[in-house]
Amino acid sequence: MNRMEAVGSGSLPSEAPPEREGSPAGAQTAAAGAVSIIRTLGELERLAEGWEALAARSGLPMQDHAWTMAIASTFAADGRLHIVAAGAPPDVTAIAPLAWSRCGGSLELIGVHELGEPMDFLYADPSALAPLAAALARLRRPLRLTRLPAASPAIAALRRAYRGQGVVIDNPAEGWPWIPLDAGWREPEAQLNSGRRSDLRRARRIAEKTGPLATEVVSPTPDALAPLLDEAMRVEAASWKGSAGTALAEDPERAAFFRRYAAAACRKGTLRLCFLRIGGQAAAMQIAIASGDRFSLLKIGYDQAFARCSPGSLLMCETIRYAAAHGVRSYEFLGANETWTHVWTQYVQPCASLRAYPVSLRGIAAVAKDTGRFARGRLGRLLRRTPG
C-alpha cells in the first residue's frame, strides 16, 4: 500500500527505524507546517509538481524529480527511501532527498553513494530549511551527507537544529569543475594556451586522415532514444572503462538508472546525446543535460581505437562551442576535479562532507565507527608513504 507519514512540526518521533510503518494515507492532508516522510515510489511520484517548482532554481540534473525517481526505482526501492519534505504536498517548501544507507544505520543523500554526483537539499528560500532540519534532528539518526555544495544553507540550518541535540561536523569534499561561459567560448580554442591549441589542431589532422569529422548534439525523440543510448554505451565500453569493468555496459544496475533517467529527460526535452564521428564511426560520446542556463555532463567516453586523435578532447571542444552558441552560462563537468579538466578550466565548485551525530546510542556508535574508519584510512596513507 502506498503511504506517507505526515506529522506536525513538533511531533516527529525521536526514533524512526527504517522499517516503521507510516500513517494512513489520509495524513497527506497535513497542515502547511507539517513534515512528511516519503517512503514509497507512489508518494514520490505525487510530489513531482512541488519538487520541480523547487528544483527550477538549481538547473543541476541531480536536483530533478526525475533524477530522484530514477534513483529510487533503481537503488532504493527495497525500503531504503526516506525523503523528508516540509509543507503540505504539493506546496512543499523544502525537501531533504534522503535514503537509508545500505546497512540501515544512517541517512544519506539518495544516490550519492552509487553515482558519486553532488547533491543538495531543495528549498524555496533558506528560511524554509529550519523546520526540515529540526525534523531531521528529532529523528535522532546519524546523517552522512557527502558532496553537498559548500555554499548550501542546509549546512547552517543543520548546525542550528542539532545545537544541544548532537554534533555536526563538516569538512571539505571533492568539488566539481565548471566553466563560466561567455561569448568568447563560442571559439573554445581561443581560450586555451598555444600548446593546447596546437594539440587540438594536430588531433584533428590525425582524425581527418582516417575519415571526415562530424559532431552531433542530438535532442532525441522518445522513439529514437534507445538505439542512440545503446551506441553511447558501446562507445564508453570501448574505452579503458570497459577493460576496467566500470563502463555502464558492465554495470546493469547503473545502466538501468541511466536508461530510466535518460527516458525522463528525453520526454522533458533536456537530454543531449553528443557524438564525434570519424569516417562515420562514433569515436567519442557524451550524455548531457541542457537545463536552464547549464550544460551538465553525466557520462563521457571514447573508443580507444581512435585514441591517437584524442576524440574525447575534440568532442569536448565542440560541445563547449555548442553550449556557448546557445546562450548557456555554465558548462558543468560534474564528477571529480580531475587533472584533465584543468585543460579547460581552473574553476571548481567547492563541496562539503557533513556528518551529524545525535546524542543517542546510535549517534555514539556512528562516531566510533567513523573515527575508526578515519584512523584506518590515515594509517594506511602513512604506511604507503613509509619506505620499506
# chains A, B, ... in the order shown; residues from 1 in each chain; ligands from 1
call {"tool": "residues_around", "arguments": {"residues": "Trp100 (chain A)", "least_positions_apart": "3", "cutoff": "8 Å", "atoms": "only C-alpha atoms", "output": "list in words"}}
result
Pro18, Arg80, Leu81, His82, Cys103, Gly104, Gly105, Ser106, Leu107 and Glu108 of chain A
call {"tool": "residues_around", "arguments": {"residues": "Arg144 (chain A)", "least_positions_apart": "6", "cutoff": "10 Å", "atoms": "only C-alpha atoms", "output": "PyMOL selection string"}}
result
chain A and resi 98+100-101+106-109+169-170+353-357+366
call {"tool": "residues_around", "arguments": {"residues": "Gly312 (chain A)", "least_positions_apart": "4", "cutoff": "12 Å", "atoms": "only C-alpha atoms", "output": "PyMOL selection string"}}
result
chain A and resi 200+203-204+207+215+235-236+239+274-278+282-286+299-304+306-308+316-319+340-341
call {"tool": "write_last_selection", "arguments": {"atoms": "C-alpha atoms", "output": "PDB file, in the first residue's frame"}}
result
ATOM      1  CA  LEU A 200      43.797  20.128 -30.888  1.00  0.00           C
ATOM      2  CA  ALA A 203      44.416  15.739 -33.222  1.00  0.00           C
ATOM      3  CA  ARG A 204      42.079  16.992 -35.958  1.00  0.00           C
ATOM      4  CA  ALA A 207      41.457  12.173 -37.294  1.00  0.00           C
ATOM      5  CA  THR A 215      29.821  16.308 -34.481  1.00  0.00           C
ATOM      6  CA  VAL A 235      31.499   3.740 -27.162  1.00  0.00           C
ATOM      7  CA  GLU A 236      32.075   4.004 -23.410  1.00  0.00           C
ATOM      8  CA  SER A 239      37.344   2.853 -23.648  1.00  0.00           C
ATOM      9  CA  CYS A 274      26.604  14.009 -28.245  1.00  0.00           C
ATOM     10  CA  PHE A 275      28.859  12.115 -30.665  1.00  0.00           C
ATOM     11  CA  LEU A 276      32.085  12.743 -32.515  1.00  0.00           C
ATOM     12  CA  ARG A 277      32.123  10.597 -35.647  1.00  0.00           C
ATOM     13  CA  ILE A 278      35.269   9.852 -37.622  1.00  0.00           C
ATOM     14  CA  ALA A 282      31.298   7.016 -33.268  1.00  0.00           C
ATOM     15  CA  ALA A 283      34.695   7.769 -31.728  1.00  0.00           C
ATOM     16  CA  ALA A 284      33.543   9.696 -28.615  1.00  0.00           C
ATOM     17  CA  MET A 285      30.289  10.311 -26.803  1.00  0.00           C
ATOM     18  CA  GLN A 286      28.729  12.426 -24.060  1.00  0.00           C
ATOM     19  CA  LYS A 299      28.848  10.475 -18.821  1.00  0.00           C
ATOM     20  CA  ILE A 300      31.728  10.745 -21.263  1.00  0.00           C
ATOM     21  CA  GLY A 301      33.716   8.140 -23.139  1.00  0.00           C
ATOM     22  CA  TYR A 302      35.727   7.415 -26.243  1.00  0.00           C
ATOM     23  CA  ASP A 303      36.701   4.412 -28.353  1.00  0.00           C
ATOM     24  CA  GLN A 304      40.334   3.500 -27.664  1.00  0.00           C
ATOM     25  CA  PHE A 306      40.798   6.307 -32.025  1.00  0.00           C
ATOM     26  CA  ALA A 307      42.995   7.277 -29.051  1.00  0.00           C
ATOM     27  CA  ARG A 308      45.753   8.795 -31.227  1.00  0.00           C
ATOM     28  CA  MET A 316      34.591  18.438 -25.576  1.00  0.00           C
ATOM     29  CA  CYS A 317      35.682  21.412 -27.647  1.00  0.00           C
ATOM     30  CA  GLU A 318      32.620  21.110 -29.886  1.00  0.00           C
ATOM     31  CA  THR A 319      30.056  20.736 -27.084  1.00  0.00           C
ATOM     32  CA  TRP A 340      42.416  16.509 -17.493  1.00  0.00           C
ATOM     33  CA  THR A 341      39.710  19.090 -16.732  1.00  0.00           C
TER      34      THR A 341
END
call {"tool": "atom_distance", "arguments": {"atom1": "CA of Gly335 (chain A)", "atom2": "CA of Phe75 (chain A)"}}
result
19.2 Å
call {"tool": "residues_around", "arguments": {"residues": "Pro149 (chain A)", "least_positions_apart": "5", "cutoff": "7 Å", "atoms": "only C-alpha atoms", "output": "list in words"}}
result
Pro118, Asp120, Pro350, Cys351 and Ala352 of chain A
call {"tool": "residues_around", "arguments": {"residues": "Pro126 (chain A)", "least_positions_apart": "2", "cutoff": "9 Å", "atoms": "only C-alpha atoms", "output": "list of chain:residue names"}}
result
A:Ala94, A:Tyr123, A:Ala124, A:Ala128, A:Leu129, A:Ala130, A:Ser152, A:Pro153, A:Ala154, A:Ala157
call {"tool": "write_last_selection", "arguments": {"atoms": "N, CA, C and O atoms", "output": "mmCIF file, in the first residue's frame"}}
result
data_model
loop_
_atom_site.group_PDB
_atom_site.id
_atom_site.type_symbol
_atom_site.label_atom_id
_atom_site.label_comp_id
_atom_site.auth_asym_id
_atom_site.auth_seq_id
_atom_site.Cartn_x
_atom_site.Cartn_y
_atom_site.Cartn_z
ATOM 1 N N ALA A 94 10.497 22.776 1.322
ATOM 2 C CA ALA A 94 11.872 22.274 1.416
ATOM 3 C C ALA A 94 11.839 20.752 1.390
ATOM 4 O O ALA A 94 10.885 20.130 1.867
ATOM 5 N N TYR A 123 14.855 23.906 -1.576
ATOM 6 C CA TYR A 123 14.192 24.834 -0.667
ATOM 7 C C TYR A 123 13.696 26.048 -1.432
ATOM 8 O O TYR A 123 14.295 26.477 -2.430
ATOM 9 N N ALA A 124 12.570 26.590 -0.957
ATOM 10 C CA ALA A 124 12.027 27.806 -1.563
ATOM 11 C C ALA A 124 12.905 29.004 -1.239
ATOM 12 O O ALA A 124 13.119 29.876 -2.067
ATOM 13 N N ALA A 128 13.206 28.290 4.790
ATOM 14 C CA ALA A 128 12.341 27.109 4.717
ATOM 15 C C ALA A 128 13.048 25.846 5.201
ATOM 16 O O ALA A 128 12.396 24.828 5.457
ATOM 17 N N LEU A 129 14.376 25.911 5.346
ATOM 18 C CA LEU A 129 15.127 24.740 5.786
ATOM 19 C C LEU A 129 15.037 24.510 7.295
ATOM 20 O O LEU A 129 15.347 23.414 7.773
ATOM 21 N N ALA A 130 14.617 25.520 8.060
ATOM 22 C CA ALA A 130 14.604 25.388 9.527
ATOM 23 C C ALA A 130 13.710 24.244 10.002
ATOM 24 O O ALA A 130 14.172 23.387 10.778
ATOM 25 N N SER A 152 25.821 25.600 0.467
ATOM 26 C CA SER A 152 24.428 25.243 0.761
ATOM 27 C C SER A 152 24.004 25.766 2.135
ATOM 28 O O SER A 152 24.672 25.502 3.141
ATOM 29 N N PRO A 153 22.871 26.470 2.217
ATOM 30 C CA PRO A 153 22.378 26.907 3.527
ATOM 31 C C PRO A 153 21.905 25.748 4.394
ATOM 32 O O PRO A 153 21.638 25.936 5.580
ATOM 33 N N ALA A 154 21.806 24.555 3.821
ATOM 34 C CA ALA A 154 21.424 23.382 4.623
ATOM 35 C C ALA A 154 22.453 23.111 5.714
ATOM 36 O O ALA A 154 22.100 22.615 6.795
ATOM 37 N N ALA A 157 21.676 25.399 8.607
ATOM 38 C CA ALA A 157 20.388 25.009 9.188
ATOM 39 C C ALA A 157 20.545 23.760 10.062
ATOM 40 O O ALA A 157 19.959 23.676 11.150
#
call {"tool": "residues_around", "arguments": {"residues": "region 54-64 of chain A", "least_positions_apart": "2", "cutoff": "8 Å", "atoms": "only C-alpha atoms", "output": "compact mmCIF listing (two decimals) with N, CA, C and O atoms, in the first residue's frame"}}
result
# COMPACT_ATOMS: atom_id res chain seq x y z
N GLY A 50 5.45 19.86 -6.80
CA GLY A 50 6.12 20.70 -5.82
C GLY A 50 7.62 20.58 -5.91
O GLY A 50 8.35 21.57 -5.75
N TRP A 51 8.13 19.38 -6.17
CA TRP A 51 9.57 19.15 -6.30
C TRP A 51 10.13 19.97 -7.45
O TRP A 51 11.15 20.66 -7.29
N GLU A 52 9.49 19.90 -8.61
CA GLU A 52 10.01 20.61 -9.79
C GLU A 52 9.99 22.12 -9.58
O GLU A 52 10.86 22.83 -10.09
N ALA A 66 12.89 13.79 -11.64
CA ALA A 66 13.11 12.60 -12.46
C ALA A 66 14.39 11.87 -12.06
O ALA A 66 14.46 10.64 -12.10
N TRP A 67 15.43 12.63 -11.68
CA TRP A 67 16.68 12.02 -11.22
C TRP A 67 16.44 11.18 -9.97
O TRP A 67 16.85 10.03 -9.89
N THR A 68 15.75 11.76 -8.99
CA THR A 68 15.48 11.04 -7.75
C THR A 68 14.54 9.87 -7.99
O THR A 68 14.69 8.80 -7.39
N THR A 93 7.86 23.29 0.75
CA THR A 93 8.78 24.43 0.83
C THR A 93 10.24 24.01 0.93
O THR A 93 11.13 24.83 0.68
N ALA A 94 10.50 22.78 1.32
CA ALA A 94 11.87 22.27 1.42
C ALA A 94 11.84 20.75 1.39
O ALA A 94 10.88 20.13 1.87
N GLU A 117 27.68 11.81 -7.57
CA GLU A 117 27.48 13.19 -8.00
C GLU A 117 27.09 14.08 -6.82
O GLU A 117 26.49 13.62 -5.84
N PRO A 118 27.40 15.39 -6.89
CA PRO A 118 27.00 16.30 -5.81
C PRO A 118 25.48 16.45 -5.77
O PRO A 118 24.80 16.30 -6.78
N MET A 119 24.97 16.75 -4.59
CA MET A 119 23.52 16.87 -4.41
C MET A 119 23.25 17.78 -3.23
O MET A 119 24.07 17.89 -2.31
N ASP A 120 22.10 18.43 -3.23
CA ASP A 120 21.76 19.39 -2.18
C ASP A 120 20.32 19.18 -1.76
O ASP A 120 19.53 18.51 -2.44
N LEU A 122 16.57 20.78 -1.37
CA LEU A 122 15.80 21.73 -2.16
C LEU A 122 15.03 22.63 -1.21
O LEU A 122 14.56 22.17 -0.15
N TYR A 123 14.86 23.91 -1.58
CA TYR A 123 14.19 24.83 -0.67
C TYR A 123 13.70 26.05 -1.43
O TYR A 123 14.30 26.48 -2.43
N ALA A 124 12.57 26.59 -0.96
CA ALA A 124 12.03 27.81 -1.56
C ALA A 124 12.91 29.00 -1.24
O ALA A 124 13.12 29.88 -2.07
N ILE A 289 22.88 17.01 -19.99
CA ILE A 289 21.59 17.65 -19.74
C ILE A 289 21.74 19.14 -19.99
O ILE A 289 22.66 19.78 -19.46
N SER A 291 19.73 22.32 -19.21
CA SER A 291 18.59 22.75 -18.41
C SER A 291 18.88 24.13 -17.83
O SER A 291 19.95 24.34 -17.24
N GLY A 292 17.92 25.04 -17.99
CA GLY A 292 18.14 26.39 -17.51
C GLY A 292 19.32 26.99 -18.24
O GLY A 292 19.39 26.98 -19.47
N ASP A 293 20.28 27.50 -17.49
CA ASP A 293 21.47 28.08 -18.12
C ASP A 293 22.70 27.21 -17.91
O ASP A 293 23.83 27.68 -17.92
N ARG A 294 22.48 25.88 -17.76
CA ARG A 294 23.59 24.97 -17.52
C ARG A 294 23.60 23.85 -18.57
O ARG A 294 22.56 23.35 -18.97
N SER A 296 25.27 20.20 -18.48
CA SER A 296 25.88 19.34 -17.46
C SER A 296 26.23 17.98 -18.05
O SER A 296 25.37 17.30 -18.62
call {"tool": "select_by_dssp", "arguments": {"residues": "region 33-275 of chain A", "states": "strand (DSSP E)", "output": "PyMOL selection string"}}
result
chain A and resi 35-38+83-86+94-96+98-100+107-109+122-123+143-149+166-180+213-218+271-275
call {"tool": "closest_residue", "arguments": {"among": "A:Ala263, A:Pro227, A:Glu187, A:Asn171", "to": "Tyr322 (chain A)", "atoms": "only C-alpha atoms"}}
result
A:Glu187
call {"tool": "select_by_dssp", "arguments": {"residues": "region 149-308 of chain A", "states": "helix (DSSP H, G or I)", "output": "NGL selection string"}}
result
:A and (153-162 or 183-186 or 188-191 or 194-210 or 222-237 or 240-244 or 248-250 or 252-268 or 304-308)
call {"tool": "closest_residue", "arguments": {"among": "A:Ala76, A:Ala224, A:Ala238, A:Ala156", "to": "Ala305 (chain A)", "atoms": "only C-alpha atoms"}}
result
A:Ala238
call {"tool": "closest_residue", "arguments": {"among": "A:Ala137, A:Ala72, A:Val92, A:Leu143", "to": "Gly111 (chain A)", "atoms": "only C-alpha atoms"}}
result
A:Ala72
call {"tool": "closest_residue", "arguments": {"among": "A:Thr221, A:Leu115, A:Ala134, A:Leu148", "to": "Leu248 (chain A)", "atoms": "only C-alpha atoms"}}
result
A:Leu115
call {"tool": "closest_residue", "arguments": {"among": "A:Ala265, A:Val168, A:Ala99, A:Leu334", "to": "Gly79 (chain A)", "atoms": "only C-alpha atoms"}}
result
A:Ala99
call {"tool": "atom_distance", "arguments": {"atom1": "CA of Ala88 (chain A)", "atom2": "CA of Ser73 (chain A)"}}
result
23.5 Å
